[in-house]
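Peer 1: Okay, handing you the structure first.
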Amino acid sequence: MSIAHWSTTDTRIGPFTAIVASDGAVLASGWTAELGELTPQISPSLRPSDLREKRDLGAVSTAIRRYHDGELDAIDDIPVRQRSGEFLQHAWDVLRTVPAGKPVTYTEYATLAGRPAAIRAAASACARNAAALFVPCHRVLRIGGALGGFRWGVDVKRWLLDHETPYRS
């Protein structure tokens, strides 16, 4: 029996819920208060048999608050656990190296992931990412800067990108 905990934090752009394994790794997260929107995103091999609400998830809750308050690197050291094929696993790891304020295109992301021709696969990695924010798929754009899709809505993606863009006079 595996137990995971979840908590919802109020943020500037709405509720943000995270599901965290007993060792502190994020299994799923996103801008929703509905647990049922997150649990199907967890790989069946990682899906906990028991989910328990917890007021505070320690380092994860702290990172969520700090990120939304402007400390953009607060999420960088939070462990994440997702499971899929070799390319997706690698692509998610690569996505965690894309710095805040420096979004990339899907083409650039595919190249960073070592498969420049696999643009659709790179887009699929973003679409299948269960750990939004901690694996920052919002930092990937269409060529020309169009936002493209985002599980949590284009308005949330726009806010995140604006939040991560340094002030320019």
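Every chain in the structure tokens takes a letter, A first, then B, and so on in the order presented; its residues are numbered from 1, and the ligands are numbered from 1 following the presented order.
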Give me, as JSON lines, the closest atom pair and its distance (Å, one decimal) for every residue of range 75-165 of chain A within a cut-off of 8 Å of range 35-50 of chain A, counting only C-alpha atoms, rows sorted by chain and rising number.
Peer 2:
{"residue": "A:Gln82", "atom": "CA", "partner": "A:Ser43", "partner_atom": "CA", "distance": 6.8}
{"residue": "A:Arg83", "atom": "CA", "partner": "A:Ser43", "partner_atom": "CA", "distance": 5.9}
{"residue": "A:Ser84", "atom": "CA", "partner": "A:Ser43", "partner_atom": "CA", "distance": 7.3}
{"residue": "A:Arg128", "atom": "CA", "partner": "A:Gln41", "partner_atom": "CA", "distance": 7.4}
{"residue": "A:Asn129", "atom": "CA", "partner": "A:Gln41", "partner_atom": "CA", "distance": 7.7}
{"residue": "A:Ala130", "atom": "CA", "partner": "A:Gln41", "partner_atom": "CA", "distance": 5.2}
Peer 1: Skipping near chain neighbours, those fewer than 4 positions away, what residues fall within 10 Å of Arg120 in chain A using only C-alpha atoms, listed as a PyMOL selection string?
Peer 2: chain A and resi 106-107+110+124-126
Peer 1: To one decimal place in Å, what is the distance between CA of Lys54 in chain A and CA of Val26 in chain A?
Peer 2: 13.9 Å
Peer 1: Any idea what the distance is between CA of Tyr109 in chain A and CA of Pro79 in chain A?
Peer 2: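 Value for the CA of Tyr109 in chain A-CA of Pro79 in chain A distance: 21.1 Å.
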Peer 1: Assign secondary structure with DSSP using the backbone only, and return the residues of range 94-126 of chain A in alpha helix (DSSP H) as a PyMOL selection string.
Peer 2: chain A and resi 94-95+106-112+119-126
Peer 1: Taking the DSSP secondary structure from the backbone, can you list the residues of chain A that are strand (DSSP E or B), as an MDAnalysis selection string?
Peer 2: chainID A and resid 3:11 14:21 26:30 50:53 80 104:105 131 140:141
Peer 1: Tell me which protein, DNA and RNA residues are within 12 Å of Ile13 in chain A, counting only C-alpha atoms, leaving out same-chain ones fewer than 2 positions away, and put them as a list of chain:residue names.
Peer 2: A:Thr9, A:Asp10, A:Thr11, A:Pro15, A:Phe16, A:Gly30, A:Trp31, A:Thr32, A:Ile64, A:Arg65, A:His68, A:Asp69, A:Trp152, A:Gly153, A:Val154, A:Asp155, A:Val156, A:Lys157, A:Arg158, A:Trp159, A:Leu160, A:His163
Peer 1: Please produce a file of those selected residues containing C-alpha atoms, as an mmCIF file, in the first residue's frame.
Peer 2:
data_model
loop_
_atom_site.group_PDB
_atom_site.id
_atom_site.type_symbol
_atom_site.label_atom_id
_atom_site.label_comp_id
_atom_site.auth_asym_id
_atom_site.auth_seq_id
_atom_site.Cartn_x
_atom_site.Cartn_y
_atom_site.Cartn_z
ATOM 1 C CA THR A 9 -2.580 26.269 -1.926
ATOM 2 C CA ASP A 10 -4.263 29.541 -2.866
ATOM 3 C CA THR A 11 -2.070 31.454 -5.327
ATOM 4 C CA PRO A 15 -5.812 27.212 -6.409
ATOM 5 C CA PHE A 16 -2.754 25.009 -6.955
ATOM 6 C CA GLY A 30 -1.484 21.936 -11.315
ATOM 7 C CA TRP A 31 -3.718 24.964 -10.994
ATOM 8 C CA THR A 32 -6.869 23.243 -9.799
ATOM 9 C CA ILE A 64 4.765 26.817 -4.370
ATOM 10 C CA ARG A 65 4.259 29.898 -2.207
ATOM 11 C CA HIS A 68 4.212 32.589 -6.841
ATOM 12 C CA ASP A 69 5.629 35.382 -4.671
ATOM 13 C CA TRP A 152 -4.342 24.656 -17.014
ATOM 14 C CA GLY A 153 -5.400 27.268 -19.584
ATOM 15 C CA VAL A 154 -3.726 29.851 -21.755
ATOM 16 C CA ASP A 155 -4.429 32.619 -19.213
ATOM 17 C CA VAL A 156 -2.443 30.703 -16.575
ATOM 18 C CA LYS A 157 0.394 30.101 -19.053
ATOM 19 C CA ARG A 158 0.464 33.810 -19.976
ATOM 20 C CA TRP A 159 0.550 34.800 -16.296
ATOM 21 C CA LEU A 160 3.422 32.389 -15.602
ATOM 22 C CA HIS A 163 5.711 36.438 -13.955
#
Peer 1: Grab the CA of Gly148 in chain A to CA of Ala28 in chain A distance for me, in Å with one decimal place.
Peer 2: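 Pair CA of Gly148 in chain A / CA of Ala28 in chain A returns 21.3 Å.
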Peer 1: Excluding Thr97 in chain A and any residue of its chain fewer than 3 positions from it, enumerate the residues within 12 Å of it, using only C-alpha atoms, and give them as a ChimeraX atom specification.
Peer 2: /A:73,75-77,90-94,100,102-104,109,112-113,134-137,139-140
Peer 1: Applying 9 Å and only C-alpha atoms, which residues near Ser61 in chain A remain after dropping the ones on its own chain fewer than 6 positions away? List them as a list in words.
Peer 2: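 Here the answer would be Ser7, Thr8, Thr9 and Ala18 of chain A.
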Peer 1: With C-alpha atoms retained, could you export that selection as a short mmCIF file (atom, residue, chain, number, x, y, z; two decimals), in the first residue's frame?
Peer 2:
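The resulting file, out-v3.cif, is shown below:
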data_model
loop_
_atom_site.label_atom_id
_atom_site.label_comp_id
_atom_site.auth_asym_id
_atom_site.auth_seq_id
_atom_site.Cartn_x
_atom_site.Cartn_y
_atom_site.Cartn_z
CA SER A 7 -2.72 19.87 -0.49
CA THR A 8 -4.23 22.87 -2.24
CA THR A 9 -2.58 26.27 -1.93
CA ALA A 18 0.09 19.03 -5.49
#
